[in-house]
Each structure stands twice: as C-alpha cells, then as structure tokens.
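Engineer: Here you go, work.txt (compact mmCIF, C-alpha atoms):
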```
# COMPACT_ATOMS: atom_id res chain seq x y z
CA MET A 1 -89.48 -28.31 61.16
CA ILE A 2 -91.40 -25.03 61.05
CA LYS A 3 -90.16 -22.30 58.75
CA PRO A 4 -88.95 -19.30 60.78
CA PHE A 5 -90.81 -16.01 61.02
CA LEU A 6 -88.92 -13.02 59.65
CA ILE A 7 -88.89 -10.15 62.17
CA LEU A 8 -87.89 -6.81 60.67
CA GLN A 9 -87.04 -4.04 63.13
CA LEU A 10 -86.43 -0.33 62.62
CA ARG A 11 -85.59 0.96 66.11
CA PRO A 12 -82.06 2.45 66.30
CA GLU A 13 -81.71 1.99 70.08
CA ASP A 14 -80.44 -1.38 71.32
CA ASP A 15 -82.59 -1.47 74.46
CA THR A 16 -85.93 -0.66 72.78
CA SER A 17 -85.13 -2.92 69.83
CA ASP A 18 -84.16 -5.85 72.05
CA ASP A 19 -87.26 -5.37 74.22
CA GLU A 20 -89.54 -5.21 71.17
CA TYR A 21 -88.02 -8.40 69.76
CA ALA A 22 -88.41 -10.20 73.10
CA ALA A 23 -92.06 -9.07 73.32
CA ILE A 24 -92.83 -10.29 69.78
CA CYS A 25 -91.36 -13.68 70.68
CA ARG A 26 -93.14 -13.80 74.05
CA TYR A 27 -96.63 -12.87 72.86
CA GLY A 28 -96.26 -14.70 69.57
CA GLY A 29 -95.20 -17.89 71.35
CA LEU A 30 -92.09 -17.90 69.19
CA PRO A 31 -88.83 -19.48 70.38
CA PRO A 32 -85.96 -17.30 69.11
CA GLU A 33 -84.67 -20.23 67.05
CA GLN A 34 -87.92 -20.05 65.02
CA THR A 35 -87.20 -16.47 64.00
CA ARG A 36 -84.80 -14.56 61.80
CA ARG A 37 -84.28 -11.08 63.19
CA ILE A 38 -83.01 -8.28 60.96
CA ARG A 39 -82.38 -4.79 62.26
CA ILE A 40 -82.83 -3.06 58.96
CA GLU A 41 -81.64 0.30 60.24
CA ARG A 42 -78.25 -1.45 60.26
CA GLU A 43 -78.45 -4.07 57.53
CA GLY A 44 -81.30 -3.08 55.22
CA ILE A 45 -83.64 -5.68 53.74
CA PRO A 46 -81.54 -8.12 51.70
CA SER A 47 -82.22 -7.79 47.97
CA ASP A 48 -82.07 -11.59 47.62
CA LEU A 49 -84.57 -12.25 50.43
CA ARG A 50 -86.80 -15.24 49.58
CA LEU A 51 -90.27 -15.01 51.10
CA GLU A 52 -90.80 -18.71 50.56
CA ASP A 53 -88.13 -19.42 53.20
CA TYR A 54 -90.39 -17.98 55.92
CA SER A 55 -93.75 -18.63 57.54
CA GLY A 56 -94.54 -14.92 57.68
CA VAL A 57 -93.16 -11.43 58.24
CA ILE A 58 -93.60 -9.33 61.40
CA VAL A 59 -92.63 -5.64 61.52
CA GLY A 60 -92.42 -3.41 64.59
CA GLY A 61 -92.38 0.31 65.24
CA SER A 62 -89.82 3.10 64.95
CA PRO A 63 -89.26 6.79 65.74
CA PHE A 64 -89.37 7.67 62.02
CA ASP A 65 -92.32 9.60 60.53
CA ILE A 66 -93.41 8.92 56.97
CA SER A 67 -95.11 12.32 56.88
CA THR A 68 -91.78 14.11 57.36
CA PRO A 69 -91.03 16.09 54.16
CA ASP A 70 -88.61 14.20 51.93
CA ALA A 71 -86.10 17.04 52.10
CA ASP A 72 -85.93 16.57 55.89
CA LYS A 73 -85.66 12.77 55.94
CA SER A 74 -82.31 11.24 56.74
CA SER A 75 -80.62 8.98 54.23
CA LEU A 76 -81.27 6.11 56.65
CA GLN A 77 -85.02 6.74 56.69
CA LYS A 78 -85.12 7.02 52.91
CA LYS A 79 -83.26 3.70 52.62
CA ILE A 80 -85.67 2.01 55.05
CA GLU A 81 -88.72 3.25 53.14
CA SER A 82 -87.23 2.23 49.80
CA ASP A 83 -86.42 -1.25 51.11
CA PHE A 84 -89.97 -1.72 52.41
CA TYR A 85 -91.61 -0.54 49.21
CA ARG A 86 -89.46 -2.99 47.28
CA LEU A 87 -90.53 -5.76 49.68
CA PHE A 88 -94.23 -4.83 49.36
CA ASP A 89 -93.91 -4.97 45.56
CA ARG A 90 -93.54 -8.72 46.00
CA LEU A 91 -95.29 -9.45 49.29
CA VAL A 92 -98.69 -7.82 48.74
CA PRO A 93 -99.40 -9.28 45.26
CA ALA A 94 -98.42 -12.69 46.65
CA ASP A 95 -100.76 -12.17 49.66
CA PHE A 96 -97.89 -13.39 51.83
CA PRO A 97 -98.54 -13.45 55.62
CA PHE A 98 -97.53 -10.09 57.06
CA LEU A 99 -98.24 -8.27 60.32
CA GLY A 100 -96.99 -4.70 60.56
CA ALA A 101 -97.44 -2.61 63.72
CA CYS A 102 -97.35 1.19 63.93
CA SER A 103 -94.49 1.99 61.53
CA GLY A 104 -95.26 -1.24 59.70
CA ASN A 105 -98.84 0.02 59.37
CA GLY A 106 -97.74 3.41 58.02
CA LEU A 107 -95.29 1.93 55.55
CA LEU A 108 -97.91 -0.47 54.17
CA GLY A 109 -100.58 2.23 54.06
CA SER A 110 -98.20 4.55 52.23
CA TRP A 111 -97.33 1.85 49.69
CA LEU A 112 -101.06 1.30 49.13
CA GLY A 113 -101.49 4.99 48.33
CA THR A 114 -103.15 6.19 51.53
CA PRO A 115 -102.02 9.59 52.87
CA ILE A 116 -100.08 9.26 56.12
CA THR A 117 -100.44 12.53 58.05
CA PRO A 118 -100.62 13.87 61.64
CA ARG A 119 -104.41 14.28 61.34
CA TYR A 120 -105.17 11.22 63.47
CA GLY A 121 -102.14 11.18 65.75
CA GLU A 122 -102.83 9.93 69.29
CA PRO A 123 -101.08 10.45 72.63
CA VAL A 124 -99.24 7.62 74.34
CA GLY A 125 -101.70 5.57 76.35
CA CYS A 126 -104.01 2.59 76.63
CA PHE A 127 -107.25 3.05 74.66
CA GLU A 128 -110.28 0.95 73.81
CA LEU A 129 -110.75 -0.02 70.16
CA GLU A 130 -113.93 -1.32 68.54
CA LEU A 131 -114.22 -4.42 66.36
CA THR A 132 -116.00 -3.92 63.05
CA ALA A 133 -118.40 -6.51 61.65
CA GLU A 134 -115.56 -7.86 59.49
CA GLY A 135 -113.20 -7.81 62.48
CA ARG A 136 -115.52 -10.08 64.44
CA LYS A 137 -115.16 -12.66 61.65
CA ASP A 138 -111.42 -12.36 61.11
CA PRO A 139 -109.27 -15.27 62.41
CA LEU A 140 -106.97 -12.92 64.32
CA LEU A 141 -109.85 -11.34 66.25
CA ALA A 142 -112.69 -13.89 66.26
CA GLY A 143 -114.13 -14.38 69.73
CA CYS A 144 -112.84 -11.06 71.07
CA PRO A 145 -115.24 -8.79 72.97
CA PRO A 146 -116.73 -5.87 70.99
CA ARG A 147 -114.13 -3.48 72.43
CA ILE A 148 -110.54 -4.30 73.38
CA PRO A 149 -107.81 -2.25 75.10
CA ALA A 150 -104.57 -1.59 73.22
CA LEU A 151 -101.37 0.35 73.84
CA LEU A 152 -100.48 2.99 71.30
CA GLY A 153 -98.89 6.37 70.72
CA HIS A 154 -98.24 7.85 67.30
CA LYS A 155 -97.76 11.21 65.62
CA GLU A 156 -99.25 10.09 62.29
CA ALA A 157 -101.68 7.54 60.88
CA CYS A 158 -103.63 6.55 57.78
CA ASP A 159 -105.98 9.38 56.81
CA ARG A 160 -108.39 6.82 55.39
CA LEU A 161 -108.69 3.10 54.84
CA PRO A 162 -106.53 2.02 51.88
CA ASP A 163 -108.47 1.23 48.73
CA GLY A 164 -109.50 -2.42 48.67
CA ALA A 165 -108.59 -3.01 52.33
CA THR A 166 -110.89 -4.38 55.03
CA LEU A 167 -111.23 -2.43 58.28
CA LEU A 168 -111.04 -4.71 61.33
CA LEU A 169 -110.62 -2.35 64.30
CA ARG A 170 -111.52 1.32 64.64
CA GLY A 171 -110.77 3.90 67.31
CA GLU A 172 -112.59 6.98 68.50
CA ALA A 173 -109.67 9.33 67.82
CA CYS A 174 -108.07 7.36 64.99
CA PRO A 175 -110.49 5.57 62.63
CA VAL A 176 -108.05 3.10 61.03
CA GLN A 177 -106.58 0.96 63.80
CA MET A 178 -106.30 -2.41 62.05
CA PHE A 179 -106.86 -3.43 58.46
CA ARG A 180 -106.32 -6.40 56.20
CA VAL A 181 -105.33 -6.48 52.54
CA GLY A 182 -106.27 -9.62 50.67
CA GLU A 183 -106.57 -12.51 53.11
CA HIS A 184 -103.18 -12.56 54.83
CA VAL A 185 -101.61 -9.07 54.94
CA TYR A 186 -102.38 -7.24 58.20
CA ALA A 187 -101.48 -3.89 59.73
CA THR A 188 -102.18 -2.36 63.14
CA GLN A 189 -101.76 1.24 64.25
CA PHE A 190 -101.46 0.05 67.86
CA HIS A 191 -98.80 -2.27 69.26
CA PRO A 192 -99.92 -5.90 69.64
CA GLU A 193 -96.54 -6.64 71.23
CA GLY A 194 -96.98 -3.73 73.64
CA ASP A 195 -97.10 -4.17 77.39
CA ALA A 196 -96.64 -1.80 80.31
CA GLU A 197 -92.99 -2.67 80.88
CA GLY A 198 -92.08 -2.21 77.23
CA PHE A 199 -94.00 1.05 76.90
CA ILE A 200 -92.31 2.47 79.99
CA LEU A 201 -88.96 1.76 78.34
CA ARG A 202 -90.12 3.51 75.16
CA ILE A 203 -91.42 6.53 77.07
CA GLN A 204 -87.98 6.91 78.60
CA ALA A 205 -86.21 6.43 75.26
CA TYR A 206 -88.45 8.75 73.22
CA ARG A 207 -88.89 11.50 75.82
CA HIS A 208 -87.57 14.08 73.34
CA HIS A 209 -89.06 12.70 70.09
CA GLY A 210 -92.25 14.77 70.06
CA TYR A 211 -94.75 12.12 71.21
CA PHE A 212 -95.37 14.10 74.40
CA GLN A 213 -93.85 16.97 76.36
CA PRO A 214 -90.67 15.74 78.15
CA GLU A 215 -91.98 16.87 81.53
CA GLU A 216 -95.03 14.59 81.06
CA ALA A 217 -92.96 11.40 80.97
CA ASP A 218 -93.23 10.48 84.66
CA ALA A 219 -97.00 10.98 84.73
CA LEU A 220 -97.35 8.91 81.53
CA ILE A 221 -95.36 6.10 83.09
CA GLU A 222 -97.69 5.99 86.08
CA ARG A 223 -100.77 5.90 83.79
CA ILE A 224 -99.27 3.12 81.67
CA ARG A 225 -98.04 0.96 84.56
CA PRO A 226 -101.39 -0.85 85.25
CA ALA A 227 -102.24 -1.37 81.56
CA ARG A 228 -103.18 -4.89 80.47
CA THR A 229 -104.02 -5.68 76.84
CA PRO A 230 -104.54 -9.46 76.54
CA GLU A 231 -106.69 -9.43 73.38
CA ALA A 232 -104.28 -7.15 71.52
CA ASN A 233 -101.33 -9.32 72.58
CA ALA A 234 -103.20 -12.44 71.45
CA ILE A 235 -103.21 -11.12 67.86
CA LEU A 236 -99.52 -12.01 67.62
CA HIS A 237 -100.10 -15.54 68.90
CA ARG A 238 -102.99 -16.08 66.51
CA PHE A 239 -100.91 -14.80 63.60
CA VAL A 240 -98.08 -17.20 64.45
CA GLU A 241 -100.46 -20.12 64.98
CA ARG A 242 -102.30 -19.49 61.72
CA TYR A 243 -99.24 -19.12 59.51
CA SER A 244 -96.68 -21.54 60.95
CA GLN A 245 -95.60 -23.60 57.94
CA GLN A 246 -93.63 -26.80 57.80
CA GLN A 247 -90.44 -26.80 55.75
```
Rewrite the structure from the file as structure tokens, please.
Structural biologist:
Amino acid sequence: MIKPFLILQLRPEDDTSDDEYAAICRYGGLPPEQTRRIRIEREGIPSDLRLEDYSGVIVGGSPFDISTPDADKSSLQKKIESDFYRLFDRLVPADFPFLGACSGNGLLGSWLGTPITPRYGEPVGCFELELTAEGRKDPLLAGCPPRIPALLGHKEACDRLPDGATLLLRGEACPVQMFRVGEHVYATQFHPEGDAEGFILRIQAYRHHGYFQPEEADALIERIRPARTPEANAILHRFVERYSQQQ
C-alpha cells in the first residue's frame, strides 16, 4: 500500500478549498483515499505530525499575504505561519518531499530568509514561464518545452532566489517562479493545480481581495476561460509519481 500524500490547505472558503483539493487530486493522479487533507485554517498543523507516515506534502494557496505588517495580521494568519515554520524546521533539513504553490512558495521562501514583498506581484492571468538550464534537467520538468504556460495571480513574491536554492522556472515579470531546495523540496509561485474552471471560481471568490479591481472580474473570467496549462499541471503528477512510497 502506498503511503498517503499530506495535503495542507489554507483557504477559508469551502468552495475554493474543495475545488483546490479536487484539482490537486485530479492533476496529481491521486485517489482521495491516498491523501490526508487538513484545512489548517481550521485545525492547524498537528504538533505530533509524523512526516514518515506520508509520501510527501503538498500545499496550496490562500488569500493571506506574508508581507502584511505583523500588527495587521489576524491571529489566524499568525498561527498558520507559525505552524508552517515549525513544520519547515523539520521538513527542510530532512529534505522531505514537498511541493508548495503560491502561498506555499511564500511561506517556504520566508522561512529560508528571502524577503517576500509586493515588488514582483503579478495580475491574474495565464503567462509563459521559461525553464532554466537546471529546470530542463529536473525530474519534475524534464522534457518540457523551453517555455510553458501557467496560471497565476499574486500580490507578493520572493524578491530573490533563496540562498542555496536552485532556480527552475523564471518569469518576465516575476523572476522566481519555481525553485528547489536540496533535492526534494519544491516551491512554485504559479498554480500547478490551476485550470480555467478553478481560476474562474477564485476570481469570483476573491473579487474584493485586492488582486484586481472588482469591476474587472468579468473581463478576467473571459480571458481565463480558454487557458490550458498541461505542462504546469503535469508537475503535480510527476511529483506524485516520483515520491509515492510503499508502506
């Protein structure tokens, strides 16, 4: 029997959280019974969590901004960040398989000491990203064309590549789009689980969260509707294939 993958989610809304979870399972090729899903905005990350019980950890996005001044962060956001930093204290030194998208990217980058600021924020949309020389050799990207489309939208990002990390994908407007720490810890600024249907749901849910002007939502939806991002989605499947472990 394969050890389950631990899926940690931060989205407070049931519909966006459920859709994100379904997309991770769909593009990862993961039957729900091979996952353990924790909505940490409700439950937190258990203090007795044993990494060795899992094949890997997958983290999705959220409406929280790490760059928000501490005085303005809610107690929930502070608890989420504290839980993740405690997890990274064990996970990164162990080089345990991890794939964090968007918020997962920012949380890991912050733990690694990289400034997370609005400097490289990007509008919601589908954009082409470029593989680096190291990206072309990485198991999660090997065989991809030199440029791949990806769905994204974020108010903040890593100002620079974390010390000791390997850059795998870069963007024109945001330089750090995917990096690896060690051999098995990955982070993406874009959404490998993202598809047009899921992004339309998020546009509707986050209309008033500062990602875009509310009156732009309908036009954004029409621009997103034809988006297809097969190579970005395949990253999830490759991660699951590479790290599925037998119990």
Engineer: Using only C-alpha atoms, can you list as a PDB file with C-alpha atoms, in the coordinates of the input the residues within 12 Å of (-91.6, -1.1, 46.6)?
Structural biologist:
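Generated output (result_32.pdb):
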```
ATOM      1  CA  ILE A  45     -83.640  -5.680  53.740  1.00  0.00           C
ATOM      2  CA  SER A  47     -82.220  -7.790  47.970  1.00  0.00           C
ATOM      3  CA  LYS A  79     -83.260   3.700  52.620  1.00  0.00           C
ATOM      4  CA  ILE A  80     -85.670   2.010  55.050  1.00  0.00           C
ATOM      5  CA  GLU A  81     -88.720   3.250  53.140  1.00  0.00           C
ATOM      6  CA  SER A  82     -87.230   2.230  49.800  1.00  0.00           C
ATOM      7  CA  ASP A  83     -86.420  -1.250  51.110  1.00  0.00           C
ATOM      8  CA  PHE A  84     -89.970  -1.720  52.410  1.00  0.00           C
ATOM      9  CA  TYR A  85     -91.610  -0.540  49.210  1.00  0.00           C
ATOM     10  CA  ARG A  86     -89.460  -2.990  47.280  1.00  0.00           C
ATOM     11  CA  LEU A  87     -90.530  -5.760  49.680  1.00  0.00           C
ATOM     12  CA  PHE A  88     -94.230  -4.830  49.360  1.00  0.00           C
ATOM     13  CA  ASP A  89     -93.910  -4.970  45.560  1.00  0.00           C
ATOM     14  CA  ARG A  90     -93.540  -8.720  46.000  1.00  0.00           C
ATOM     15  CA  LEU A  91     -95.290  -9.450  49.290  1.00  0.00           C
ATOM     16  CA  VAL A  92     -98.690  -7.820  48.740  1.00  0.00           C
ATOM     17  CA  PRO A  93     -99.400  -9.280  45.260  1.00  0.00           C
ATOM     18  CA  LEU A 107     -95.290   1.930  55.550  1.00  0.00           C
ATOM     19  CA  LEU A 108     -97.910  -0.470  54.170  1.00  0.00           C
ATOM     20  CA  SER A 110     -98.200   4.550  52.230  1.00  0.00           C
ATOM     21  CA  TRP A 111     -97.330   1.850  49.690  1.00  0.00           C
ATOM     22  CA  LEU A 112    -101.060   1.300  49.130  1.00  0.00           C
ATOM     23  CA  GLY A 113    -101.490   4.990  48.330  1.00  0.00           C
TER      24      GLY A 113
END
```
Engineer: To one decimal place in Å, what is the distance between CA of Glu172 in chain A and CA of Gly28 in chain A?
Structural biologist: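 Separation between CA of Glu172 in chain A and CA of Gly28 in chain A: 27.2 Å.
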Engineer: Find the smallest box with edges along x, y and z containing every listed atom of range 49-61 of chain A, then add 4 Å on each side and report centre and edge lengths in Å to one decimal, as AutoDock Vina command-line options.
Structural biologist:
```
--center_x -89.6 --center_y -9.6 --center_z 57.4 --size_x 18.0 --size_y 27.7 --size_z 23.7
```
Engineer: With the cut-off set at 10 Å and counting all atoms listed in the file, tabulate each residue of range 27-88 of chain A with an atom at most that distance from an atom of range 157-170 of chain A, showing the nearest atom pair and its distance in Å to one decimal, ordered by chain and increasing number, as a Markdown table.
Structural biologist:
```
| residue | atom | partner | partner_atom | distance |
| --- | --- | --- | --- | --- |
| A:Asp65 | CA | A:Ala157 | CA | 9.6 |
| A:Ile66 | CA | A:Ala157 | CA | 9.3 |
| A:Ser67 | CA | A:Ala157 | CA | 9.1 |
```
Engineer: So how many Å separate CA of Ala196 in chain A and CA of Leu30 in chain A, to one decimal?
Structural biologist: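 Pair CA of Ala196 in chain A / CA of Leu30 in chain A returns 20.1 Å.
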Engineer: Choose the residue, out of A:Leu152, A:Val240, A:Ile40, A:Leu99, that has the smallest atom-to-atom separation from Gly194 in chain A; count all atoms listed in the file.
Structural biologist: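 Result for the nearest residue to Gly194 in chain A: A:Leu152.
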Engineer: Would you mind telling me which residue in A:Lys3, A:Arg42, A:Arg37, A:Arg228 lies nearest to Tyr21 in chain A when using only C-alpha atoms?
Structural biologist: A:Arg37
Engineer: Could I get range 79-124 of chain A from the block written as a PDB file, in the first residue's frame, with N, CA and C atoms?
Structural biologist:
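What landed in result.pdb:
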```
ATOM      1  N   LYS A  79      -1.036  32.182  13.356  1.00  0.00           N
ATOM      2  CA  LYS A  79      -0.997  30.765  13.742  1.00  0.00           C
ATOM      3  C   LYS A  79      -0.580  29.906  12.545  1.00  0.00           C
ATOM      4  N   ILE A  80      -1.124  30.201  11.371  1.00  0.00           N
ATOM      5  CA  ILE A  80      -0.763  29.446  10.167  1.00  0.00           C
ATOM      6  C   ILE A  80       0.733  29.574   9.880  1.00  0.00           C
ATOM      7  N   GLU A  81       1.247  30.790   9.918  1.00  0.00           N
ATOM      8  CA  GLU A  81       2.669  31.000   9.641  1.00  0.00           C
ATOM      9  C   GLU A  81       3.532  30.288  10.673  1.00  0.00           C
ATOM     10  N   SER A  82       3.155  30.373  11.928  1.00  0.00           N
ATOM     11  CA  SER A  82       3.923  29.712  12.985  1.00  0.00           C
ATOM     12  C   SER A  82       3.930  28.199  12.793  1.00  0.00           C
ATOM     13  N   ASP A  83       2.776  27.643  12.445  1.00  0.00           N
ATOM     14  CA  ASP A  83       2.691  26.196  12.215  1.00  0.00           C
ATOM     15  C   ASP A  83       3.598  25.767  11.065  1.00  0.00           C
ATOM     16  N   PHE A  84       3.597  26.560   9.979  1.00  0.00           N
ATOM     17  CA  PHE A  84       4.428  26.197   8.831  1.00  0.00           C
ATOM     18  C   PHE A  84       5.908  26.307   9.157  1.00  0.00           C
ATOM     19  N   TYR A  85       6.298  27.337   9.864  1.00  0.00           N
ATOM     20  CA  TYR A  85       7.714  27.479  10.190  1.00  0.00           C
ATOM     21  C   TYR A  85       8.174  26.328  11.074  1.00  0.00           C
ATOM     22  N   ARG A  86       7.301  25.893  11.958  1.00  0.00           N
ATOM     23  CA  ARG A  86       7.633  24.735  12.801  1.00  0.00           C
ATOM     24  C   ARG A  86       7.760  23.478  11.945  1.00  0.00           C
ATOM     25  N   LEU A  87       6.889  23.332  10.942  1.00  0.00           N
ATOM     26  CA  LEU A  87       6.979  22.186  10.032  1.00  0.00           C
ATOM     27  C   LEU A  87       8.274  22.236   9.224  1.00  0.00           C
ATOM     28  N   PHE A  88       8.609  23.422   8.687  1.00  0.00           N
ATOM     29  CA  PHE A  88       9.830  23.551   7.885  1.00  0.00           C
ATOM     30  C   PHE A  88      11.089  23.292   8.714  1.00  0.00           C
ATOM     31  N   ASP A  89      11.040  23.561  10.002  1.00  0.00           N
ATOM     32  CA  ASP A  89      12.186  23.269  10.868  1.00  0.00           C
ATOM     33  C   ASP A  89      12.574  21.797  10.790  1.00  0.00           C
ATOM     34  N   ARG A  90      11.608  20.947  10.527  1.00  0.00           N
ATOM     35  CA  ARG A  90      11.885  19.507  10.408  1.00  0.00           C
ATOM     36  C   ARG A  90      11.982  19.068   8.955  1.00  0.00           C
ATOM     37  N   LEU A  91      11.098  19.592   8.117  1.00  0.00           N
ATOM     38  CA  LEU A  91      10.979  19.092   6.745  1.00  0.00           C
ATOM     39  C   LEU A  91      12.176  19.444   5.880  1.00  0.00           C
ATOM     40  N   VAL A  92      12.627  20.693   5.923  1.00  0.00           N
ATOM     41  CA  VAL A  92      13.716  21.111   5.024  1.00  0.00           C
ATOM     42  C   VAL A  92      15.037  20.417   5.373  1.00  0.00           C
ATOM     43  N   PRO A  93      15.463  20.373   6.648  1.00  0.00           N
ATOM     44  CA  PRO A  93      16.708  19.654   6.948  1.00  0.00           C
ATOM     45  C   PRO A  93      16.648  18.175   6.567  1.00  0.00           C
ATOM     46  N   ALA A  94      15.443  17.598   6.616  1.00  0.00           N
ATOM     47  CA  ALA A  94      15.288  16.182   6.240  1.00  0.00           C
ATOM     48  C   ALA A  94      15.187  16.000   4.729  1.00  0.00           C
ATOM     49  N   ASP A  95      15.094  17.112   3.965  1.00  0.00           N
ATOM     50  CA  ASP A  95      14.917  17.065   2.515  1.00  0.00           C
ATOM     51  C   ASP A  95      13.728  16.173   2.167  1.00  0.00           C
ATOM     52  N   PHE A  96      12.627  16.382   2.908  1.00  0.00           N
ATOM     53  CA  PHE A  96      11.426  15.565   2.722  1.00  0.00           C
ATOM     54  C   PHE A  96      10.613  16.102   1.552  1.00  0.00           C
ATOM     55  N   PRO A  97      10.063  15.239   0.691  1.00  0.00           N
ATOM     56  CA  PRO A  97       9.337  15.695  -0.497  1.00  0.00           C
ATOM     57  C   PRO A  97       8.225  16.693  -0.163  1.00  0.00           C
ATOM     58  N   PHE A  98       8.306  17.854  -0.796  1.00  0.00           N
ATOM     59  CA  PHE A  98       7.382  18.948  -0.527  1.00  0.00           C
ATOM     60  C   PHE A  98       7.146  19.705  -1.821  1.00  0.00           C
ATOM     61  N   LEU A  99       5.890  20.080  -2.069  1.00  0.00           N
ATOM     62  CA  LEU A  99       5.554  20.929  -3.210  1.00  0.00           C
ATOM     63  C   LEU A  99       4.582  21.993  -2.721  1.00  0.00           C
ATOM     64  N   GLY A 100       5.051  23.226  -2.647  1.00  0.00           N
ATOM     65  CA  GLY A 100       4.229  24.330  -2.176  1.00  0.00           C
ATOM     66  C   GLY A 100       3.937  25.297  -3.302  1.00  0.00           C
ATOM     67  N   ALA A 101       2.661  25.641  -3.499  1.00  0.00           N
ATOM     68  CA  ALA A 101       2.255  26.538  -4.576  1.00  0.00           C
ATOM     69  C   ALA A 101       1.762  27.870  -4.017  1.00  0.00           C
ATOM     70  N   CYS A 102       2.222  28.948  -4.600  1.00  0.00           N
ATOM     71  CA  CYS A 102       1.784  30.303  -4.277  1.00  0.00           C
ATOM     72  C   CYS A 102       2.014  30.613  -2.794  1.00  0.00           C
ATOM     73  N   SER A 103       1.030  30.455  -1.935  1.00  0.00           N
ATOM     74  CA  SER A 103       1.268  30.689  -0.507  1.00  0.00           C
ATOM     75  C   SER A 103       2.311  29.724   0.038  1.00  0.00           C
ATOM     76  N   GLY A 104       2.284  28.475  -0.436  1.00  0.00           N
ATOM     77  CA  GLY A 104       3.305  27.524  -0.022  1.00  0.00           C
ATOM     78  C   GLY A 104       4.690  27.981  -0.425  1.00  0.00           C
ATOM     79  N   ASN A 105       4.800  28.631  -1.574  1.00  0.00           N
ATOM     80  CA  ASN A 105       6.053  29.204  -2.055  1.00  0.00           C
ATOM     81  C   ASN A 105       6.499  30.350  -1.147  1.00  0.00           C
ATOM     82  N   GLY A 106       5.574  31.258  -0.820  1.00  0.00           N
ATOM     83  CA  GLY A 106       5.923  32.394   0.018  1.00  0.00           C
ATOM     84  C   GLY A 106       6.313  31.991   1.422  1.00  0.00           C
ATOM     85  N   LEU A 107       5.613  31.019   1.968  1.00  0.00           N
ATOM     86  CA  LEU A 107       5.923  30.555   3.322  1.00  0.00           C
ATOM     87  C   LEU A 107       7.308  29.909   3.366  1.00  0.00           C
ATOM     88  N   LEU A 108       7.617  29.079   2.367  1.00  0.00           N
ATOM     89  CA  LEU A 108       8.935  28.454   2.327  1.00  0.00           C
ATOM     90  C   LEU A 108      10.018  29.499   2.099  1.00  0.00           C
ATOM     91  N   GLY A 109       9.794  30.408   1.149  1.00  0.00           N
ATOM     92  CA  GLY A 109      10.775  31.457   0.893  1.00  0.00           C
ATOM     93  C   GLY A 109      11.040  32.297   2.123  1.00  0.00           C
ATOM     94  N   SER A 110       9.978  32.631   2.847  1.00  0.00           N
ATOM     95  CA  SER A 110      10.123  33.421   4.074  1.00  0.00           C
ATOM     96  C   SER A 110      10.931  32.666   5.111  1.00  0.00           C
ATOM     97  N   TRP A 111      10.650  31.375   5.271  1.00  0.00           N
ATOM     98  CA  TRP A 111      11.397  30.560   6.245  1.00  0.00           C
ATOM     99  C   TRP A 111      12.878  30.504   5.866  1.00  0.00           C
ATOM    100  N   LEU A 112      13.156  30.517   4.570  1.00  0.00           N
ATOM    101  CA  LEU A 112      14.543  30.459   4.087  1.00  0.00           C
ATOM    102  C   LEU A 112      15.251  31.812   4.164  1.00  0.00           C
ATOM    103  N   GLY A 113      14.511  32.852   4.561  1.00  0.00           N
ATOM    104  CA  GLY A 113      15.137  34.148   4.761  1.00  0.00           C
ATOM    105  C   GLY A 113      15.043  35.102   3.589  1.00  0.00           C
ATOM    106  N   THR A 114      14.261  34.750   2.579  1.00  0.00           N
ATOM    107  CA  THR A 114      14.089  35.629   1.428  1.00  0.00           C
ATOM    108  C   THR A 114      12.987  36.650   1.696  1.00  0.00           C
ATOM    109  N   PRO A 115      13.198  37.926   1.397  1.00  0.00           N
ATOM    110  CA  PRO A 115      12.116  38.905   1.561  1.00  0.00           C
ATOM    111  C   PRO A 115      10.934  38.568   0.649  1.00  0.00           C
ATOM    112  N   ILE A 116       9.744  38.620   1.204  1.00  0.00           N
ATOM    113  CA  ILE A 116       8.514  38.429   0.439  1.00  0.00           C
ATOM    114  C   ILE A 116       7.812  39.785   0.407  1.00  0.00           C
ATOM    115  N   THR A 117       7.764  40.411  -0.759  1.00  0.00           N
ATOM    116  CA  THR A 117       7.232  41.769  -0.874  1.00  0.00           C
ATOM    117  C   THR A 117       6.369  41.889  -2.130  1.00  0.00           C
ATOM    118  N   PRO A 118       5.657  43.015  -2.285  1.00  0.00           N
ATOM    119  CA  PRO A 118       4.834  43.223  -3.494  1.00  0.00           C
ATOM    120  C   PRO A 118       5.644  43.569  -4.748  1.00  0.00           C
ATOM    121  N   ARG A 119       6.952  43.634  -4.651  1.00  0.00           N
ATOM    122  CA  ARG A 119       7.776  44.080  -5.779  1.00  0.00           C
ATOM    123  C   ARG A 119       7.487  43.319  -7.063  1.00  0.00           C
ATOM    124  N   TYR A 120       7.301  42.019  -6.977  1.00  0.00           N
ATOM    125  CA  TYR A 120       7.094  41.202  -8.167  1.00  0.00           C
ATOM    126  C   TYR A 120       5.688  40.592  -8.212  1.00  0.00           C
ATOM    127  N   GLY A 121       4.711  41.304  -7.670  1.00  0.00           N
ATOM    128  CA  GLY A 121       3.336  40.853  -7.809  1.00  0.00           C
ATOM    129  C   GLY A 121       2.927  40.817  -9.282  1.00  0.00           C
ATOM    130  N   GLU A 122       1.990  39.935  -9.602  1.00  0.00           N
ATOM    131  CA  GLU A 122       1.520  39.798 -10.991  1.00  0.00           C
ATOM    132  C   GLU A 122      -0.001  39.735 -11.028  1.00  0.00           C
ATOM    133  N   PRO A 123      -0.607  40.262 -12.084  1.00  0.00           N
ATOM    134  CA  PRO A 123      -2.065  40.191 -12.211  1.00  0.00           C
ATOM    135  C   PRO A 123      -2.529  38.756 -12.475  1.00  0.00           C
ATOM    136  N   VAL A 124      -3.784  38.516 -12.224  1.00  0.00           N
ATOM    137  CA  VAL A 124      -4.364  37.207 -12.518  1.00  0.00           C
ATOM    138  C   VAL A 124      -4.338  36.976 -14.024  1.00  0.00           C
TER     139      VAL A 124
END
```
